Structure formats: C-alpha cells, structure tokens
file final_6.cif (mmCIF, C-alpha atoms)
data_structure
loop_
_atom_site.label_atom_id
_atom_site.label_comp_id
_atom_site.auth_asym_id
_atom_site.auth_seq_id
_atom_site.Cartn_x
_atom_site.Cartn_y
_atom_site.Cartn_z
CA MET U 1 53.48 -8.48 50.23
CA ALA U 2 53.40 -10.38 53.50
CA GLU U 3 50.24 -12.28 54.36
CA GLY U 4 48.37 -11.22 57.47
CA PRO U 5 46.77 -13.71 59.89
CA ALA U 6 43.30 -13.25 58.38
CA THR U 7 44.60 -13.64 54.83
CA SER U 8 46.63 -16.69 55.80
CA ARG U 9 43.61 -18.31 57.43
CA TRP U 10 41.45 -17.52 54.40
CA TRP U 11 44.15 -18.88 52.09
CA ARG U 12 44.46 -22.15 53.98
CA SER U 13 40.70 -22.50 54.34
CA VAL U 14 39.99 -22.07 50.63
CA ARG U 15 42.86 -24.29 49.56
CA GLY U 16 41.86 -26.93 52.12
CA ARG U 17 38.20 -26.97 51.08
CA THR U 18 39.09 -27.07 47.39
CA THR U 19 41.62 -29.85 47.86
CA LEU U 20 39.29 -31.87 50.08
CA GLY U 21 36.39 -31.48 47.67
CA ALA U 22 38.44 -32.47 44.64
CA THR U 23 39.98 -35.42 46.50
CA LEU U 24 36.58 -36.69 47.65
CA VAL U 25 35.19 -36.49 44.12
CA VAL U 26 38.18 -38.33 42.69
CA ALA U 27 38.05 -40.86 45.55
CA VAL U 28 34.42 -41.70 44.81
CA ALA U 29 35.15 -41.94 41.08
CA LEU U 30 38.20 -44.16 41.65
CA ALA U 31 36.34 -46.40 44.13
CA ILE U 32 33.48 -46.93 41.69
CA GLY U 33 35.94 -47.50 38.85
CA ALA U 34 38.07 -49.96 40.84
CA ILE U 35 35.06 -51.96 42.04
CA SER U 36 33.58 -52.04 38.55
CA PHE U 37 36.91 -53.06 37.03
CA TYR U 38 37.41 -55.86 39.55
CA ALA U 39 33.85 -57.13 39.07
CA ILE U 40 34.18 -57.17 35.28
CA LEU U 41 37.61 -58.84 35.43
CA SER U 42 36.33 -61.47 37.88
CA ALA U 43 33.33 -62.21 35.65
CA ASN U 44 35.59 -62.50 32.58
CA VAL U 45 38.03 -64.82 34.38
CA GLN U 46 35.16 -66.98 35.65
CA GLY U 47 33.63 -67.11 32.17
CA SER U 48 36.92 -68.04 30.55
CA ALA U 49 37.48 -70.84 33.10
CA GLN U 50 33.97 -72.21 32.49
CA ARG U 51 34.38 -72.19 28.74
CA ALA U 52 37.76 -73.93 29.01
CA ALA U 53 36.32 -76.56 31.39
CA GLU U 54 33.32 -77.23 29.14
CA GLN U 55 35.58 -77.54 26.10
CA ARG U 56 37.85 -79.98 27.95
CA ILE U 57 34.97 -82.14 29.21
CA ASP U 58 33.62 -82.37 25.67
CA GLU U 59 37.01 -83.62 24.50
CA LEU U 60 37.16 -86.17 27.34
CA GLY U 61 33.60 -87.26 26.59
CA ASP U 62 34.51 -88.07 23.00
CA ARG U 63 37.59 -89.98 24.19
CA LEU U 64 36.01 -91.87 27.06
CA GLY U 65 32.56 -92.41 25.65
CA GLY U 66 33.07 -96.17 25.03
CA PRO U 67 31.48 -98.83 27.24
CA ARG U 68 34.77 -99.69 29.00
CA ASN U 69 35.94 -96.07 29.29
CA PRO U 70 39.49 -96.77 28.11
CA GLY U 71 42.31 -94.45 29.00
CA ILE U 72 40.98 -92.65 32.12
CA ASP U 73 43.88 -93.96 34.22
CA GLU U 74 46.28 -92.45 31.75
CA LEU U 75 45.07 -88.93 32.39
CA ASP U 76 47.79 -86.95 34.12
CA ASP U 77 47.27 -83.84 36.27
CA GLU U 78 43.53 -83.91 35.68
CA PHE U 79 40.74 -84.42 38.15
CA VAL U 80 38.20 -86.74 36.41
CA GLN U 81 35.55 -89.17 37.63
CA ILE U 82 33.07 -91.42 35.82
CA LEU U 83 29.93 -92.05 37.85
CA GLY U 84 27.46 -94.84 37.37
CA PRO U 85 23.66 -94.51 37.21
CA ASP U 86 23.51 -94.89 40.99
CA GLY U 87 26.02 -92.04 41.48
CA SER U 88 28.91 -94.24 42.57
CA VAL U 89 32.43 -93.81 41.24
CA ARG U 90 33.10 -96.31 38.47
CA SER U 91 36.57 -95.02 37.59
CA ALA U 92 38.71 -91.98 38.32
CA SER U 93 41.97 -90.37 37.39
CA GLU U 94 44.94 -90.70 39.72
CA ASP U 95 44.54 -87.17 41.11
CA ALA U 96 40.83 -87.76 41.72
CA ARG U 97 41.47 -91.03 43.56
CA GLU U 98 44.09 -89.42 45.78
CA ALA U 99 41.93 -86.42 46.66
CA GLN U 100 38.41 -87.91 46.72
CA GLY U 101 38.85 -91.63 46.98
CA SER U 102 35.43 -93.18 46.37
CA THR U 103 33.58 -89.96 47.15
CA PRO U 104 31.82 -88.74 44.00
CA LEU U 105 31.99 -85.15 42.87
CA PRO U 106 28.67 -83.22 42.75
CA VAL U 107 26.75 -83.42 39.48
CA SER U 108 24.89 -80.36 38.19
CA ASP U 109 23.77 -78.87 34.91
CA ASP U 110 25.61 -75.65 35.78
CA PRO U 111 29.31 -75.34 36.68
CA GLN U 112 30.00 -75.22 40.41
CA THR U 113 32.89 -73.81 42.40
CA MET U 114 34.10 -75.72 45.43
CA THR U 115 37.26 -76.31 47.42
CA ILE U 116 38.87 -79.70 47.01
CA ASP U 117 41.91 -80.59 49.06
CA GLY U 118 42.35 -76.92 49.96
CA GLU U 119 42.30 -75.77 46.35
CA PRO U 120 39.50 -73.85 44.56
CA MET U 121 38.08 -76.01 41.76
CA LEU U 122 35.48 -75.52 39.04
CA VAL U 123 33.36 -78.68 38.62
CA VAL U 124 31.48 -79.47 35.36
CA SER U 125 29.72 -82.66 34.27
CA ASP U 126 28.53 -84.34 31.04
CA ASP U 127 26.49 -87.45 30.25
CA LEU U 128 28.15 -90.50 28.62
CA ASP U 129 26.69 -93.55 26.91
CA GLY U 130 25.32 -96.24 29.21
CA ASP U 131 23.76 -93.81 31.71
CA GLN U 132 27.19 -92.83 33.00
CA THR U 133 28.28 -89.33 33.93
CA LEU U 134 31.65 -87.75 33.33
CA VAL U 135 32.70 -85.22 36.00
CA LEU U 136 35.69 -82.89 35.57
CA ALA U 137 37.21 -80.55 38.19
CA VAL U 138 39.51 -77.80 36.95
CA SER U 139 41.80 -75.88 39.28
CA MET U 140 41.12 -72.14 39.60
CA GLU U 141 44.08 -71.35 41.81
CA ASP U 142 45.89 -69.40 39.07
CA ASP U 143 42.76 -67.35 38.39
CA ALA U 144 42.35 -66.66 42.11
CA GLU U 145 45.97 -65.53 42.34
CA THR U 146 45.45 -63.24 39.34
CA LEU U 147 42.40 -61.65 40.92
CA SER U 148 44.20 -61.32 44.24
CA THR U 149 47.13 -59.59 42.53
CA VAL U 150 44.78 -57.19 40.77
CA ALA U 151 42.98 -56.42 44.05
CA THR U 152 46.29 -55.74 45.77
CA LEU U 153 47.44 -53.45 42.97
CA LEU U 154 44.15 -51.54 43.10
CA ALA U 155 44.34 -51.24 46.89
CA VAL U 156 47.82 -49.71 46.57
CA ALA U 157 47.30 -47.65 43.39
CA VAL U 158 44.05 -45.95 44.41
CA PRO U 159 45.41 -44.34 47.63
CA LEU U 160 48.61 -43.33 45.82
CA LEU U 161 46.59 -41.75 43.03
CA LEU U 162 44.46 -39.94 45.61
CA LEU U 163 47.58 -38.55 47.25
CA LEU U 164 48.84 -37.42 43.86
CA VAL U 165 45.50 -35.73 43.11
CA ALA U 166 45.44 -34.04 46.53
CA ALA U 167 49.00 -32.75 46.14
CA THR U 168 48.34 -31.55 42.58
CA THR U 169 45.09 -29.86 43.60
CA TRP U 170 46.82 -28.17 46.53
CA LEU U 171 49.59 -26.81 44.31
CA VAL U 172 47.30 -25.77 41.44
CA THR U 173 44.80 -24.16 43.82
CA GLY U 174 47.56 -22.25 45.54
CA ARG U 175 48.90 -21.00 42.25
CA ALA U 176 45.41 -20.04 41.04
CA LEU U 177 44.46 -18.28 44.29
CA ARG U 178 47.69 -16.35 44.68
CA PRO U 179 46.54 -13.51 42.34
CA VAL U 180 43.13 -13.50 44.08
CA THR U 181 44.86 -13.18 47.42
CA ARG U 182 46.95 -10.29 46.12
CA ILE U 183 43.81 -8.54 44.85
CA ARG U 184 42.09 -9.18 48.17
CA GLU U 185 44.97 -7.69 50.14
CA GLU U 186 45.15 -4.63 47.88
CA VAL U 187 41.41 -4.04 48.15
CA ASP U 188 41.56 -4.52 51.92
CA GLY U 189 44.15 -1.74 52.08
CA ILE U 190 41.99 0.76 50.16
CA THR U 191 40.17 2.96 52.66
CA ALA U 192 37.91 5.99 52.23
CA GLU U 193 41.00 8.21 52.19
CA ARG U 194 42.70 6.09 49.50
CA LEU U 195 39.89 5.60 46.98
CA HIS U 196 42.17 6.97 44.26
CA GLN U 197 44.27 3.79 44.36
CA ARG U 198 43.65 1.11 41.73
CA LEU U 199 44.55 -2.55 41.39
CA ALA U 200 47.26 -3.79 39.07
CA VAL U 201 45.62 -5.67 36.19
CA PRO U 202 47.67 -8.74 35.18
CA ALA U 203 48.47 -9.24 31.51
CA SER U 204 47.07 -12.78 31.54
CA ALA U 205 43.71 -11.69 30.03
CA ASP U 206 41.91 -14.35 32.06
CA GLU U 207 39.28 -14.36 34.81
CA ILE U 208 41.75 -12.85 37.30
CA ALA U 209 42.37 -9.91 34.98
CA ALA U 210 38.61 -9.53 34.51
CA LEU U 211 38.18 -9.54 38.29
CA ALA U 212 40.81 -6.83 38.73
CA THR U 213 39.20 -4.75 35.97
CA THR U 214 35.79 -5.14 37.60
CA MET U 215 37.18 -4.14 40.99
CA ASN U 216 38.81 -1.06 39.44
CA GLY U 217 35.47 -0.13 37.89
CA MET U 218 33.80 -0.47 41.28
CA LEU U 219 36.51 1.71 42.84
CA ASP U 220 35.96 4.32 40.11
CA ARG U 221 32.26 4.42 40.97
CA LEU U 222 32.95 4.60 44.70
CA ASP U 223 35.50 7.36 44.17
CA ALA U 224 33.04 9.31 42.02
CA ALA U 225 30.27 8.81 44.59
CA ALA U 226 32.54 9.93 47.44
CA ALA U 227 33.64 12.99 45.45
CA ALA U 228 30.01 13.83 44.68
CA GLN U 229 29.12 13.44 48.34
CA ARG U 230 31.96 15.72 49.43
CA ARG U 231 30.95 18.26 46.80
CA PHE U 232 27.33 18.03 47.91
CA VAL U 233 28.24 18.57 51.56
CA SER U 234 30.42 21.52 50.61
CA ASP U 235 27.71 23.09 48.45
CA ALA U 236 25.04 22.48 51.07
CA SER U 237 27.22 24.06 53.73
CA HIS U 238 27.79 27.07 51.49
CA GLU U 239 24.09 27.45 50.73
CA LEU U 240 23.15 27.20 54.40
CA ARG U 241 25.94 29.52 55.50
CA SER U 242 24.84 32.32 53.17
CA PRO U 243 21.41 33.07 54.75
CA LEU U 244 22.81 32.55 58.22
CA ALA U 245 25.57 35.07 57.48
CA THR U 246 22.96 37.56 56.20
CA ILE U 247 20.86 37.20 59.35
CA ARG U 248 23.94 37.56 61.55
CA GLN U 249 25.18 40.65 59.68
CA HIS U 250 21.84 42.43 60.00
CA ALA U 251 21.54 41.44 63.65
CA GLU U 252 25.04 42.72 64.42
CA LEU U 253 24.31 45.92 62.51
CA ALA U 254 21.08 46.45 64.42
CA GLN U 255 22.89 45.77 67.70
CA ALA U 256 25.78 48.12 66.93
CA HIS U 257 23.66 50.87 65.36
CA PRO U 258 20.12 50.67 66.68
CA GLY U 259 19.13 53.81 64.88
CA VAL U 260 20.21 52.62 61.43
CA THR U 261 18.29 49.32 61.22
CA SER U 262 14.75 49.19 62.51
CA ILE U 263 13.13 46.20 64.15
CA GLY U 264 10.81 45.86 61.17
CA GLU U 265 13.66 45.73 58.67
CA LEU U 266 15.50 43.18 60.78
CA ALA U 267 12.36 41.08 61.14
CA GLU U 268 11.81 41.17 57.36
CA VAL U 269 15.40 40.05 56.66
CA VAL U 270 15.17 37.28 59.27
CA SER U 271 11.83 36.12 57.85
CA ASP U 272 13.04 36.09 54.24
CA GLU U 273 16.30 34.34 55.03
CA GLY U 274 14.50 31.94 57.37
CA LEU U 275 12.13 30.97 54.57
CA ARG U 276 15.10 30.47 52.30
CA LEU U 277 16.79 28.27 54.90
CA GLN U 278 13.59 26.31 55.31
CA GLY U 279 13.34 25.78 51.56
CA ILE U 280 16.92 24.54 51.32
CA VAL U 281 16.52 22.17 54.27
CA GLU U 282 13.23 20.79 52.93
CA SER U 283 14.82 20.29 49.51
CA LEU U 284 17.76 18.46 51.06
CA LEU U 285 15.44 16.24 53.09
CA LEU U 286 13.40 15.45 49.98
CA LEU U 287 16.55 14.53 48.04
CA ALA U 288 17.65 12.30 50.90
CA ARG U 289 14.27 10.52 50.91
CA LEU U 290 14.42 10.09 47.14
CA ASP U 291 17.91 8.62 47.39
CA GLU U 292 16.66 6.14 50.00
CA GLY U 293 13.47 5.35 48.08
CA ALA U 294 11.36 5.92 51.20
CA GLY U 295 8.08 7.75 51.78
CA ARG U 296 6.63 7.17 48.29
CA ARG U 297 2.96 6.30 47.80
CA ALA U 298 1.50 4.66 44.71
CA GLU U 299 -2.02 5.65 43.71
CA PRO U 300 -3.79 6.84 40.54
CA VAL U 301 -2.82 10.44 39.73
CA ASP U 302 -4.35 12.63 36.99
CA LEU U 303 -1.40 14.46 35.52
CA ASP U 304 -3.66 16.81 33.56
CA ASP U 305 -5.16 18.11 36.83
CA LEU U 306 -1.69 18.79 38.25
CA ALA U 307 -0.56 20.49 35.02
CA LEU U 308 -3.67 22.69 34.83
CA GLY U 309 -3.14 23.65 38.48
CA GLU U 310 0.36 24.91 37.60
CA VAL U 311 -1.04 26.79 34.61
CA ARG U 312 -3.50 28.62 36.85
CA ARG U 313 -0.82 29.34 39.48
CA LEU U 314 1.58 30.89 36.97
CA ARG U 315 -1.18 32.93 35.34
CA ALA U 316 -2.13 34.28 38.75
CA ALA U 317 1.52 35.39 39.14
CA GLY U 318 1.31 37.33 35.87
CA VAL U 319 3.08 34.83 33.59
CA GLU U 320 1.67 34.16 30.11
CA VAL U 321 1.14 30.39 30.03
CA ASP U 322 -0.13 28.22 27.15
CA GLY U 323 -2.02 25.23 28.56
CA SER U 324 -3.72 24.11 25.36
CA GLY U 325 -1.43 21.09 25.09
CA VAL U 326 -2.64 19.50 28.32
CA GLY U 327 -4.43 16.22 27.58
CA ALA U 328 -6.01 13.69 29.92
CA ALA U 329 -3.50 11.18 31.32
CA ARG U 330 -3.35 9.08 34.47
CA VAL U 331 -0.30 7.47 36.08
CA ASP U 332 0.37 5.40 39.20
CA GLY U 333 2.54 7.40 41.57
CA ASP U 334 2.83 9.70 44.54
CA PRO U 335 0.67 12.79 43.96
CA ARG U 336 2.77 14.89 46.34
CA LEU U 337 6.02 14.09 44.53
CA LEU U 338 4.52 14.46 41.06
CA GLY U 339 3.09 17.84 42.06
CA GLN U 340 6.54 18.88 43.30
CA LEU U 341 8.03 17.75 39.98
CA LEU U 342 5.66 19.91 37.92
CA ARG U 343 6.01 22.87 40.27
CA ASN U 344 9.82 22.82 40.08
CA LEU U 345 9.75 22.70 36.28
CA ALA U 346 7.11 25.41 36.08
CA ASP U 347 9.02 27.70 38.47
CA ASN U 348 12.21 27.10 36.51
CA ALA U 349 10.47 27.99 33.23
CA ALA U 350 8.88 31.11 34.72
CA ARG U 351 12.23 32.21 36.16
CA HIS U 352 14.02 32.02 32.79
CA ALA U 353 11.20 32.97 30.41
CA ARG U 354 11.16 36.31 28.66
CA GLY U 355 7.37 36.31 28.51
CA ARG U 356 5.92 32.93 27.46
CA VAL U 357 5.67 29.47 29.05
CA ALA U 358 3.89 26.38 27.70
CA ILE U 359 2.87 23.25 29.65
CA GLY U 360 1.68 20.09 27.88
CA VAL U 361 0.61 16.55 28.78
CA THR U 362 0.53 14.06 25.88
CA PRO U 363 -0.26 10.34 26.30
CA ALA U 364 1.20 8.01 23.66
CA ASP U 365 1.23 4.20 23.65
CA ARG U 366 1.98 3.17 27.23
CA HIS U 367 3.69 6.40 28.30
CA VAL U 368 2.80 10.01 28.94
CA PHE U 369 5.02 12.96 28.01
CA VAL U 370 4.93 16.08 30.16
CA THR U 371 6.56 19.12 28.52
CA VAL U 372 7.42 22.45 30.11
CA GLU U 373 9.04 25.03 27.80
CA ASP U 374 9.89 28.71 27.84
CA ASP U 375 11.17 31.41 25.48
CA GLY U 376 14.29 32.16 27.47
CA THR U 377 17.95 31.76 26.54
CA GLY U 378 17.83 27.94 26.61
CA VAL U 379 20.43 25.47 27.85
CA PRO U 380 23.69 24.88 25.94
CA ALA U 381 24.01 21.34 24.60
CA ASP U 382 27.14 20.63 26.65
CA GLU U 383 25.37 21.67 29.88
CA ARG U 384 22.16 19.64 29.50
CA GLU U 385 23.27 16.89 31.83
CA ARG U 386 25.06 19.05 34.35
CA ILE U 387 22.00 21.19 35.12
CA PHE U 388 20.44 18.21 36.92
CA GLU U 389 23.31 18.07 39.40
CA ARG U 390 22.75 19.52 42.83
CA PHE U 391 23.54 23.20 43.49
CA VAL U 392 24.35 23.83 39.82
CA ARG U 393 23.55 27.27 38.35
CA LEU U 394 24.53 27.96 34.78
CA ASP U 395 24.44 31.72 35.32
CA GLU U 396 26.76 32.19 38.27
CA ALA U 397 26.45 35.97 38.02
CA ARG U 398 22.69 35.75 38.66
CA SER U 399 21.59 36.54 42.22
CA ARG U 400 20.61 33.68 44.44
CA ASP U 401 17.13 35.06 44.87
CA ALA U 402 16.62 35.02 41.11
CA GLY U 403 18.45 31.79 40.46
CA GLY U 404 17.12 29.66 43.31
CA SER U 405 19.14 27.23 45.38
CA GLY U 406 20.19 25.02 42.49
CA LEU U 407 18.21 22.03 43.84
CA GLY U 408 14.96 22.29 41.88
CA LEU U 409 16.05 20.39 38.77
CA ALA U 410 17.96 17.82 40.84
CA ILE U 411 14.75 17.18 42.79
CA ALA U 412 12.77 16.96 39.53
CA GLN U 413 15.14 14.35 38.15
CA GLY U 414 15.09 12.42 41.43
CA ILE U 415 11.27 12.34 41.43
CA ALA U 416 11.12 11.28 37.77
CA THR U 417 13.55 8.44 38.46
CA ALA U 418 11.66 7.37 41.60
CA GLU U 419 8.42 7.22 39.60
CA GLY U 420 10.01 5.00 36.94
CA GLY U 421 10.47 7.76 34.36
CA THR U 422 13.07 10.02 32.81
CA ILE U 423 13.62 13.72 32.26
CA VAL U 424 15.60 15.41 29.49
CA VAL U 425 16.03 18.96 28.20
CA ASP U 426 16.27 20.23 24.63
CA ASP U 427 15.27 23.35 22.64
CA SER U 428 11.78 24.80 22.80
CA ARG U 429 9.79 26.05 19.83
CA TRP U 430 10.85 29.62 20.75
CA GLY U 431 14.54 28.84 21.18
CA GLY U 432 14.41 28.50 24.96
CA ALA U 433 14.54 25.35 27.09
CA ARG U 434 12.05 22.49 26.88
CA PHE U 435 11.96 19.87 29.63
CA VAL U 436 10.35 16.54 28.71
CA VAL U 437 9.33 14.10 31.45
CA THR U 438 8.42 10.56 30.36
CA LEU U 439 6.33 8.47 32.77
CA PRO U 440 4.55 5.10 32.37
CA LEU U 441 0.76 5.30 32.09
CA ALA U 442 -1.40 3.70 34.77
CA SER U 443 -2.05 0.02 34.10
#
call {"tool": "encode", "arguments": {"input": "final_6.cif", "output": "structure tokens"}}
result
Amino acid sequence: MAEGPATSRWWRSVRGRTTLGATLVVAVALAIGAISFYAILSANVQGSAQRAAEQRIDELGDRLGGPRNPGIDELDDEFVQILGPDGSVRSASEDAREAQGSTPLPVSDDPQTMTIDGEPMLVVSDDLDGDQTLVLAVSMEDDAETLSTVATLLAVAVPLLLLLVAATTWLVTGRALRPVTRIREEVDGITAERLHQRLAVPASADEIAALATTMNGMLDRLDAAAAAQRRFVSDASHELRSPLATIRQHAELAQAHPGVTSIGELAEVVSDEGLRLQGIVESLLLLARLDEGAGRRAEPVDLDDLALGEVRRLRAAGVEVDGSGVGAARVDGDPRLLGQLLRNLADNAARHARGRVAIGVTPADRHVFVTVEDDGTGVPADERERIFERFVRLDEARSRDAGGSGLGLAIAQGIATAEGGTIVVDDSRWGGARFVVTLPLAS
C-alpha cells in the first residue's frame, strides 16, 4: 500500500523523534562514560608515575646517602640533584647539569609536575644525611602520549558509535513502525459506510497484534452502535409514520365523503393520534437526554412515596394492586425520572396482568430493591434482555394501542442506569413477569 503525504510525514516525524531521542540519550551516556574513563585513567597513570618515582628516589637515597655522595655522576638518563642546607646544588647528574645548570629543582613534601626543557616532569624529593636533599625528576612524556592517544581514540570512537546508534535506531524504528503505519492506513480508510471491514491481525502475537485486535474490537462496537442507530431511526420513523398515516386517511376520507365521517369523529381520531405522537416524541426526547446524561437533578427522593402513588393510580384505574411490600427507602436522584421509571413499570405490569399486580420497595444493606410484578404470561428467558431494546414488542400480533410504543422499558432501563442502578426481569410469584430495580440508598 502506497504511503500518502500525511502518512509519510507522520512516519518521518515519529522515526526522526525516536532516533533523535535515542541518540541524545546515548550521547549523554557516552560523554559521561568517556569523561569518567579518561579521568580515572589519568589518575591511575599519575598515581603509577608517583609510586615509581618515590620507589626510585628511595633506591637512590640508599645509594647516595654517604657524606661524599659517591656515584651521582655515573647516573645515566636520570635527572638528579643533591641540594645543600642552603638550597644550592652540591652535585647533579649529567642530564640535570645540562638542563638546569646550577638552578636547583623545587623541593616539596608532595610530588610536583613541571615542564623542564620542554618536557613534562614529575619532581620528588627526599632528605639525606648531613642536611642534604635528594631531588629526582622523572619524565612523564610517555604517560602524556598515552593519555593523548586515549583522548584521540575517544574523540573518534564516540561520534562513530553515535552514528551507529542513530542508524540502528532509524532502521529498527522503521521496522517496528511499519505494521503500525499499515494499521493506521487501514483504519484511516474505514468510513461510516465501511464499518464492516476489519484489520488483518499479524501472527506475531506481540503488541502490534494486540493493537490490531483492540482496533477490531472497537470497530465491532462502532459497527454495532451504527447498526443500532440505523435500526432506531427506522423504528422511530415507522412509529411516527403510523399515527400520521391514520390522521391522513381519516382526513382524506372526511374530505372525499363528508357525509360518512363527522367532524366529531375526525377530531377524536386526530386527538388520539396526536396524543400518541406526542407520547412517542416525548419518549424519544427523554431517551436522547438519558443518552447524553443531561437534565438530571440529584436530591433526596422517597421511593416509598412514589411507589404508593403508583399503587393508588392503578387502583383508581380498576387494577388490583398489592402494595403491602412497600417499605421506607430514600435515594439520591431525580424525582421526575424516578417517577417516570416506576410509572413505566407499573403501566407495563397493568397492561400484561390478568388481574393482579404487586409493587414493593425493600431496603437492604446499602441498596434498595424496587419490584413490580404481575400475573400475566411472563417473559421467556431468551427474551429478557431484548425487551429493554427500543421499539421491541414480544407480542407482535398485539395492537399498538394495547402494546404501547415499545419505548417504556427502554426508558426504564435508561433511567435506572442514569441513577447508578440496574434493572432485570425474572418470574413473579404467580408465573408472570417481575421487574427488579436496584438503586443505591441515599448516603
């Protein structure tokens, strides 16, 4: 697959930043290592030269310690002076006479480094009998050349090693990012119309394969969400089109045959279907607000008051309702939404009950359980999750007036989720359906 301009720029940018970062880190590490190595080597060379000079001056002191200092003229290729108590040169080796003449070398308890006749020398001294002082100067030119060679090698090796690291990092980064770039290009080519496409998962079983698997999982969720949205739009359009078609049919009938349909009948149909339209639109707006998490208040709500209100409402409609299981319980939530939750469950139970409905509120530990059950036909086990989907009716043969719009349970689940709770359905004590809402108690 050919790289586009954006992909190429991203590729070069990531590789460049990675290579630069790795090179800088290695450069700092190498610089610290080279400086430390040179400092340690220099200290070791200096220490070795001092120990050798001190050992040599001890040997010369034993040899020349007599009162006449015999044999100092016989010293070859050594820089030695014997100084008197007044600091003057009493005798010196041939090299010392040629380089210093009668000028005495400095005397100190600690070794000193100085340049004599253009050559670096290490000067040490030792006391002899008769208040005389033996002074020895040892050449350090070989040591200086060794350190210079090491410094040159480091100055050449460090940049070469950095170039090697940069080239290796560039190649390794390119090889590592190539699968990421392929995944990026494939994902970039997946649009809303091509959500069915999936990424090829490499067989390497590494982080790249895990990334591709994760991206495929995300695409699965997006595809499912898009399919659900399309299904929702289709169902909503169908639900809205049905009352509109009814109003239009009656209006056309009244217009074509004024004597068949009276104004009162037409007004009644328009009013009923208008109320139905209003209910669907309000339900859709409530679901949209629940999805967005907006418009929710949090205040203390007595669930027992809401439950007893539904008991009274259903009894007034002629439904036999058992409210003996309602206990005192308070939660933090939106009273309007919680009231809608209980009303939807109560209406659903009344719609499917043969004659009995029971509503209960039971606090336990830090939660409260709201139960709404009926003695109807119940919900099959394999349909207990699907009934909370939008526009779902298990009995498709039932009329829309009897079965509702198919949004009540979806709204109930949305409210329960928004309030930090859950809702499930199982069998009631009479064989019908029992809905159980679990909510956290007020703190």
call {"tool": "atom_distance", "arguments": {"input": "final_6.cif", "atom1": "atom CA of Arg230 of chain U", "atom2": "atom CA of Glu186 of chain U"}}
result
24.3 Å
call {"tool": "closest_residue", "arguments": {"input": "final_6.cif", "among": "U:Pro111, U:Gly118, U:Gly101, U:Gly16", "to": "Gln50 of chain U", "atoms": "all atoms listed in the file"}}
result
U:Pro111
call {"tool": "residues_around", "arguments": {"input": "final_6.cif", "residues": "Arg386 of chain U", "least_positions_apart": "4", "cutoff": "12 Å", "atoms": "only C-alpha atoms", "output": "list in words"}}
result
Val379, Pro380, Ala381, Asp382, Arg390, Phe391, Val392, Arg393, Leu394, Gly406, Leu409, Ala410, Gln413, Val424 and Val425 of chain U
call {"tool": "write_last_selection", "arguments": {"input": "final_6.cif", "atoms": "C-alpha atoms", "output": "mmCIF file, keeping the file's coordinate frame"}}
result
data_model
loop_
_atom_site.group_PDB
_atom_site.id
_atom_site.type_symbol
_atom_site.label_atom_id
_atom_site.label_comp_id
_atom_site.auth_asym_id
_atom_site.auth_seq_id
_atom_site.Cartn_x
_atom_site.Cartn_y
_atom_site.Cartn_z
ATOM 1 C CA VAL U 379 20.430 25.470 27.850
ATOM 2 C CA PRO U 380 23.690 24.880 25.940
ATOM 3 C CA ALA U 381 24.010 21.340 24.600
ATOM 4 C CA ASP U 382 27.140 20.630 26.650
ATOM 5 C CA ARG U 390 22.750 19.520 42.830
ATOM 6 C CA PHE U 391 23.540 23.200 43.490
ATOM 7 C CA VAL U 392 24.350 23.830 39.820
ATOM 8 C CA ARG U 393 23.550 27.270 38.350
ATOM 9 C CA LEU U 394 24.530 27.960 34.780
ATOM 10 C CA GLY U 406 20.190 25.020 42.490
ATOM 11 C CA LEU U 409 16.050 20.390 38.770
ATOM 12 C CA ALA U 410 17.960 17.820 40.840
ATOM 13 C CA GLN U 413 15.140 14.350 38.150
ATOM 14 C CA VAL U 424 15.600 15.410 29.490
ATOM 15 C CA VAL U 425 16.030 18.960 28.200
#
call {"tool": "resolve_selection", "arguments": {"input": "final_6.cif", "expression": "the PyMOL selection byres ((chain U and resi 368) around 12)", "output": "MDAnalysis selection string"}}
result
chainID U and resid 302:304 326:332 360:367 369:371 420:423 436:442
call {"tool": "residues_around", "arguments": {"input": "final_6.cif", "residues": "Trp170 of chain U", "least_positions_apart": "6", "cutoff": "10 Å", "atoms": "only C-alpha atoms", "output": "compact mmCIF listing (two decimals) with C-alpha atoms, in the frame of the given file"}}
result
# COMPACT_ATOMS: atom_id res chain seq x y z
CA ARG U 12 44.46 -22.15 53.98
CA ARG U 15 42.86 -24.29 49.56
CA GLY U 16 41.86 -26.93 52.12
CA ARG U 17 38.20 -26.97 51.08
CA THR U 18 39.09 -27.07 47.39
CA THR U 19 41.62 -29.85 47.86
CA LEU U 20 39.29 -31.87 50.08
CA ALA U 22 38.44 -32.47 44.64
CA THR U 23 39.98 -35.42 46.50
CA LEU U 164 48.84 -37.42 43.86
CA ALA U 176 45.41 -20.04 41.04
call {"tool": "residues_around", "arguments": {"input": "final_6.cif", "residues": "Asp375 of chain U", "least_positions_apart": "6", "cutoff": "8 Å", "atoms": "all atoms listed in the file", "output": "list of chain:residue names"}}
result
U:His352, U:Ala353, U:Arg354, U:Gly355, U:Arg356, U:Val357, U:Ser428, U:Arg429, U:Trp430, U:Gly431, U:Gly432, U:Ala433
call {"tool": "resolve_selection", "arguments": {"input": "final_6.cif", "expression": "the PyMOL selection byres ((chain U and resi 40-49) around 8)", "output": "list in words"}}
result
Ser36, Phe37, Tyr38, Ala39, Gln50, Arg51, Ala52, Ala53, Leu122, Met140, Asp143 and Leu147 of chain U
call {"tool": "write_last_selection", "arguments": {"input": "final_6.cif", "atoms": "C-alpha atoms", "output": "PDB file, in the frame of the given file"}}
result
ATOM      1  CA  SER U  36      33.580 -52.040  38.550  1.00  0.00           C
ATOM      2  CA  PHE U  37      36.910 -53.060  37.030  1.00  0.00           C
ATOM      3  CA  TYR U  38      37.410 -55.860  39.550  1.00  0.00           C
ATOM      4  CA  ALA U  39      33.850 -57.130  39.070  1.00  0.00           C
ATOM      5  CA  GLN U  50      33.970 -72.210  32.490  1.00  0.00           C
ATOM      6  CA  ARG U  51      34.380 -72.190  28.740  1.00  0.00           C
ATOM      7  CA  ALA U  52      37.760 -73.930  29.010  1.00  0.00           C
ATOM      8  CA  ALA U  53      36.320 -76.560  31.390  1.00  0.00           C
ATOM      9  CA  LEU U 122      35.480 -75.520  39.040  1.00  0.00           C
ATOM     10  CA  MET U 140      41.120 -72.140  39.600  1.00  0.00           C
ATOM     11  CA  ASP U 143      42.760 -67.350  38.390  1.00  0.00           C
ATOM     12  CA  LEU U 147      42.400 -61.650  40.920  1.00  0.00           C
TER      13      LEU U 147
END
